[in-house]
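Data block for coords11.cif (mmCIF, C-alpha atoms, pLDDT in the B column; chains and numbers go by the auth columns):
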data_coords
loop_
_atom_site.group_PDB
_atom_site.id
_atom_site.type_symbol
_atom_site.label_atom_id
_atom_site.label_comp_id
_atom_site.label_asym_id
_atom_site.label_seq_id
_atom_site.Cartn_x
_atom_site.Cartn_y
_atom_site.Cartn_z
_atom_site.B_iso_or_equiv
_atom_site.auth_seq_id
_atom_site.auth_asym_id
ATOM 1 C CA MET A 1 72.526 153.499 162.304 82.00 175 A
ATOM 2 C CA GLU A 2 70.799 151.974 159.335 86.00 176 A
ATOM 3 C CA THR A 3 69.885 154.890 157.075 93.00 177 A
ATOM 4 C CA SER A 4 71.191 158.254 155.979 95.00 178 A
ATOM 5 C CA SER A 5 68.239 159.718 157.842 96.00 179 A
ATOM 6 C CA ASP A 6 69.554 158.167 161.081 95.00 180 A
ATOM 7 C CA ILE A 7 72.910 159.882 160.537 96.00 181 A
ATOM 8 C CA GLY A 8 71.158 163.167 159.790 97.00 182 A
ATOM 9 C CA LYS A 9 69.175 162.982 163.025 97.00 183 A
ATOM 10 C CA LEU A 10 72.358 162.276 164.982 96.00 184 A
ATOM 11 C CA VAL A 11 74.170 165.228 163.391 97.00 185 A
ATOM 12 C CA CYS A 12 71.215 167.521 164.080 97.00 186 A
ATOM 13 C CA SER A 13 71.020 166.397 167.688 97.00 187 A
ATOM 14 C CA LYS A 14 74.761 166.918 168.235 97.00 188 A
ATOM 15 C CA ARG A 15 74.629 170.379 166.634 96.00 189 A
ATOM 16 C CA LYS A 16 71.778 171.415 168.907 97.00 190 A
ATOM 17 C CA GLU A 17 73.579 169.944 171.921 96.00 191 A
ATOM 18 C CA LEU A 18 76.535 172.196 171.051 96.00 192 A
ATOM 19 C CA GLY A 19 74.212 175.199 170.732 97.00 193 A
ATOM 20 C CA LEU A 20 75.141 175.903 167.102 97.00 194 A
ATOM 21 C CA THR A 21 73.089 177.074 164.156 97.00 195 A
ATOM 22 C CA GLN A 22 73.421 175.181 160.889 97.00 196 A
ATOM 23 C CA LYS A 23 75.474 178.069 159.504 97.00 197 A
ATOM 24 C CA GLU A 24 77.855 178.065 162.472 97.00 198 A
ATOM 25 C CA ALA A 25 78.273 174.295 162.439 97.00 199 A
ATOM 26 C CA ALA A 26 78.869 174.225 158.684 97.00 200 A
ATOM 27 C CA GLY A 27 81.519 176.926 159.022 97.00 201 A
ATOM 28 C CA LEU A 28 83.303 175.099 161.828 95.00 202 A
ATOM 29 C CA CYS A 29 83.308 171.877 159.810 95.00 203 A
ATOM 30 C CA GLY A 30 84.399 173.462 156.529 95.00 204 A
ATOM 31 C CA VAL A 31 81.278 172.586 154.547 97.00 205 A
ATOM 32 C CA GLY A 32 78.519 174.676 153.021 97.00 206 A
ATOM 33 C CA VAL A 33 75.195 175.411 154.678 97.00 207 A
ATOM 34 C CA ARG A 34 73.354 173.627 151.860 97.00 208 A
ATOM 35 C CA PHE A 35 75.430 170.485 152.432 97.00 209 A
ATOM 36 C CA TRP A 36 74.751 170.691 156.173 97.00 210 A
ATOM 37 C CA SER A 37 71.026 171.084 155.642 97.00 211 A
ATOM 38 C CA GLU A 38 70.924 168.135 153.259 98.00 212 A
ATOM 39 C CA LEU A 39 72.921 166.023 155.705 98.00 213 A
ATOM 40 C CA GLU A 40 70.494 166.747 158.546 98.00 214 A
ATOM 41 C CA ARG A 41 67.558 165.924 156.255 97.00 215 A
ATOM 42 C CA GLY A 42 69.128 162.535 155.474 96.00 216 A
ATOM 43 C CA LYS A 43 69.932 163.005 151.801 96.00 217 A
ATOM 44 C CA SER A 44 71.407 159.690 150.699 94.00 218 A
ATOM 45 C CA SER A 45 73.663 160.902 147.877 95.00 219 A
ATOM 46 C CA LEU A 46 76.040 163.160 149.810 96.00 220 A
ATOM 47 C CA HIS A 47 79.816 162.920 149.458 95.00 221 A
ATOM 48 C CA LEU A 48 80.954 160.287 151.960 95.00 222 A
ATOM 49 C CA GLY A 49 84.262 162.045 152.629 95.00 223 A
ATOM 50 C CA LYS A 50 82.473 165.200 153.695 96.00 224 A
ATOM 51 C CA VAL A 51 80.046 163.267 155.894 96.00 225 A
ATOM 52 C CA LEU A 52 82.974 161.571 157.644 95.00 226 A
ATOM 53 C CA LEU A 53 84.705 164.948 158.062 95.00 227 A
ATOM 54 C CA VAL A 54 81.615 166.422 159.733 97.00 228 A
ATOM 55 C CA LEU A 55 81.254 163.427 162.045 96.00 229 A
ATOM 56 C CA THR A 56 84.904 163.643 163.049 95.00 230 A
ATOM 57 C CA ARG A 57 84.732 167.372 163.751 95.00 231 A
ATOM 58 C CA LEU A 58 81.631 166.823 165.879 95.00 232 A
ATOM 59 C CA GLY A 59 83.480 164.190 167.900 94.00 233 A
ATOM 60 C CA LEU A 60 81.494 161.308 166.427 93.00 234 A
ATOM 61 C CA GLU A 61 82.682 158.184 164.642 88.00 235 A
ATOM 62 C CA ILE A 62 81.270 155.358 162.588 87.00 236 A
ATOM 63 C CA GLN A 63 82.030 151.736 163.365 88.00 237 A
ATOM 64 C CA VAL A 64 81.367 149.085 160.752 87.00 238 A
ATOM 65 C CA GLU A 65 80.665 145.548 161.897 89.00 239 A
ATOM 66 C CA GLY A 66 79.597 142.446 160.063 91.00 240 A
ATOM 67 C CA ARG A 67 76.019 141.290 160.546 83.00 241 A
ATOM 68 C CA VAL A 68 75.406 137.926 162.081 80.00 242 A
#
Please go through the file and, once you have read it, give me the structure as structure tokens.
Amino acid sequence: METSSDIGKLVCSKRKELGLTQKEAAGLCGVGVRFWSELERGKSSLHLGKVLLVLTRLGLEIQVEGRV
């Protein structure tokens, strides 16, 4: 993952894999539909805490490693 767009694509793919609409997924994750839509579109200025919450509730995680 290198961009917010990459994260958005991953979230969208996972949501579709789970067979959820954006509204259903947002409700299950405790965020608004607008936030969800912006996340899937790769908006770069979203609240990091909410992004991490969504990833966790979808069973995803972020690993940070140093570049060589």
**OP:** Take the point (78.5, 170.6, 167.7) in the file's coordinates, draw a sphere of radius 12 Å around it, and report as a PyMOL selection string every protein, DNA or RNA residue with an atom inside or on it, counting only C-alpha atoms.
**Re:** chain A and resi 184-203+228-234
**OP:** I need the residue set behind the PyMOL selection byres ((chain A and resi 214) around 8) for this file; please write it as a list in words.
**Re:** Ser179, Ile181, Gly182, Lys183, Val185, Cys186, Trp210, Ser211, Glu212, Leu213, Arg215, Gly216 and Lys217 of chain A
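The space separating atom CA of A:Val207 from atom CA of A:Ser178 comes to 17.7 Å.
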Subject >> Separation of atom CA of A:Arg241 from atom CA of A:His221, in Å and rounded to one decimal >> reply: 24.6 Å
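Our summary of the geometry notes that atom CA of A:Val225 is positioned 18.7 Å from atom CA of A:Glu239.
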**OP:** Give the answer as one residue: which of A:Leu220, A:Met175, A:Val238, A:Leu226 has the shortest atom-to-atom distance to A:Arg208, using all atoms listed in the file?
**Re:**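 Checking each candidate against A:Arg208, we get A:Leu220 as the closest.
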With N, CA and C atoms as the target, complete stretch 192-227 of chain A and hand it back as a tab-separated table (two decimals), in the frame of the given file.
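The resulting file, part04.tsv, is reproduced below:
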chain	number	residue	atom	x	y	z
A	192	LEU	N	75.42	171.25	171.02
A	192	LEU	CA	76.54	172.20	171.05
A	192	LEU	C	76.07	173.65	170.98
A	193	GLY	N	74.77	173.85	170.78
A	193	GLY	CA	74.21	175.20	170.73
A	193	GLY	C	74.59	175.98	169.49
A	194	LEU	N	74.72	175.27	168.36
A	194	LEU	CA	75.14	175.90	167.10
A	194	LEU	C	73.98	175.97	166.11
A	195	THR	N	74.00	177.02	165.29
A	195	THR	CA	73.09	177.07	164.16
A	195	THR	C	73.69	176.21	163.05
A	196	GLN	N	72.87	175.92	162.03
A	196	GLN	CA	73.42	175.18	160.89
A	196	GLN	C	74.57	175.95	160.25
A	197	LYS	N	74.43	177.25	160.13
A	197	LYS	CA	75.47	178.07	159.50
A	197	LYS	C	76.77	178.02	160.31
A	198	GLU	N	76.67	178.12	161.62
A	198	GLU	CA	77.86	178.06	162.47
A	198	GLU	C	78.53	176.70	162.40
A	199	ALA	N	77.73	175.65	162.48
A	199	ALA	CA	78.27	174.30	162.44
A	199	ALA	C	78.94	174.01	161.09
A	200	ALA	N	78.29	174.43	160.02
A	200	ALA	CA	78.87	174.22	158.68
A	200	ALA	C	80.21	174.94	158.57
A	201	GLY	N	80.27	176.17	159.06
A	201	GLY	CA	81.52	176.93	159.02
A	201	GLY	C	82.63	176.26	159.81
A	202	LEU	N	82.30	175.77	161.00
A	202	LEU	CA	83.30	175.10	161.83
A	202	LEU	C	83.80	173.80	161.20
A	203	CYS	N	82.95	173.16	160.42
A	203	CYS	CA	83.31	171.88	159.81
A	203	CYS	C	83.85	172.02	158.39
A	204	GLY	N	83.84	173.24	157.86
A	204	GLY	CA	84.40	173.46	156.53
A	204	GLY	C	83.52	172.97	155.39
A	205	VAL	N	82.21	172.97	155.61
A	205	VAL	CA	81.28	172.59	154.55
A	205	VAL	C	80.26	173.70	154.37
A	206	GLY	N	79.52	173.66	153.28
A	206	GLY	CA	78.52	174.68	153.02
A	206	GLY	C	77.24	174.43	153.81
A	207	VAL	N	76.46	175.50	153.96
A	207	VAL	CA	75.19	175.41	154.68
A	207	VAL	C	74.23	174.47	153.94
A	208	ARG	N	74.24	174.52	152.63
A	208	ARG	CA	73.35	173.63	151.86
A	208	ARG	C	73.70	172.16	152.13
A	209	PHE	N	75.00	171.85	152.14
A	209	PHE	CA	75.43	170.48	152.43
A	209	PHE	C	74.95	170.09	153.83
A	210	TRP	N	75.14	170.98	154.79
A	210	TRP	CA	74.75	170.69	156.17
A	210	TRP	C	73.25	170.40	156.26
A	211	SER	N	72.48	171.24	155.63
A	211	SER	CA	71.03	171.08	155.64
A	211	SER	C	70.62	169.75	155.03
A	212	GLU	N	71.24	169.40	153.92
A	212	GLU	CA	70.92	168.14	153.26
A	212	GLU	C	71.35	166.95	154.11
A	213	LEU	N	72.46	167.08	154.81
A	213	LEU	CA	72.92	166.02	155.71
A	213	LEU	C	71.92	165.80	156.83
A	214	GLU	N	71.46	166.87	157.46
A	214	GLU	CA	70.49	166.75	158.55
A	214	GLU	C	69.16	166.19	158.07
A	215	ARG	N	68.81	166.45	156.81
A	215	ARG	CA	67.56	165.92	156.26
A	215	ARG	C	67.70	164.48	155.78
A	216	GLY	N	68.92	163.94	155.82
A	216	GLY	CA	69.13	162.54	155.47
A	216	GLY	C	69.29	162.25	154.00
A	217	LYS	N	69.72	163.25	153.23
A	217	LYS	CA	69.93	163.00	151.80
A	217	LYS	C	70.94	161.87	151.63
A	218	SER	N	70.60	160.91	150.81
A	218	SER	CA	71.41	159.69	150.70
A	218	SER	C	72.56	159.77	149.70
A	219	SER	N	72.63	160.84	148.92
A	219	SER	CA	73.66	160.90	147.88
A	219	SER	C	74.77	161.91	148.19
A	220	LEU	N	74.99	162.20	149.45
A	220	LEU	CA	76.04	163.16	149.81
A	220	LEU	C	77.42	162.52	149.70
A	221	HIS	N	78.43	163.36	149.56
A	221	HIS	CA	79.82	162.92	149.46
A	221	HIS	C	80.26	162.30	150.78
A	222	LEU	N	80.61	161.02	150.75
A	222	LEU	CA	80.95	160.29	151.96
A	222	LEU	C	82.12	160.94	152.71
A	223	GLY	N	83.11	161.41	151.98
A	223	GLY	CA	84.26	162.04	152.63
A	223	GLY	C	83.86	163.25	153.46
A	224	LYS	N	82.94	164.03	152.95
A	224	LYS	CA	82.47	165.20	153.70
A	224	LYS	C	81.65	164.79	154.91
A	225	VAL	N	80.84	163.75	154.76
A	225	VAL	CA	80.05	163.27	155.89
A	225	VAL	C	80.98	162.80	157.00
A	226	LEU	N	82.01	162.04	156.65
A	226	LEU	CA	82.97	161.57	157.64
A	226	LEU	C	83.71	162.73	158.30
A	227	LEU	N	84.05	163.76	157.53
A	227	LEU	CA	84.70	164.95	158.06
A	227	LEU	C	83.82	165.62	159.11
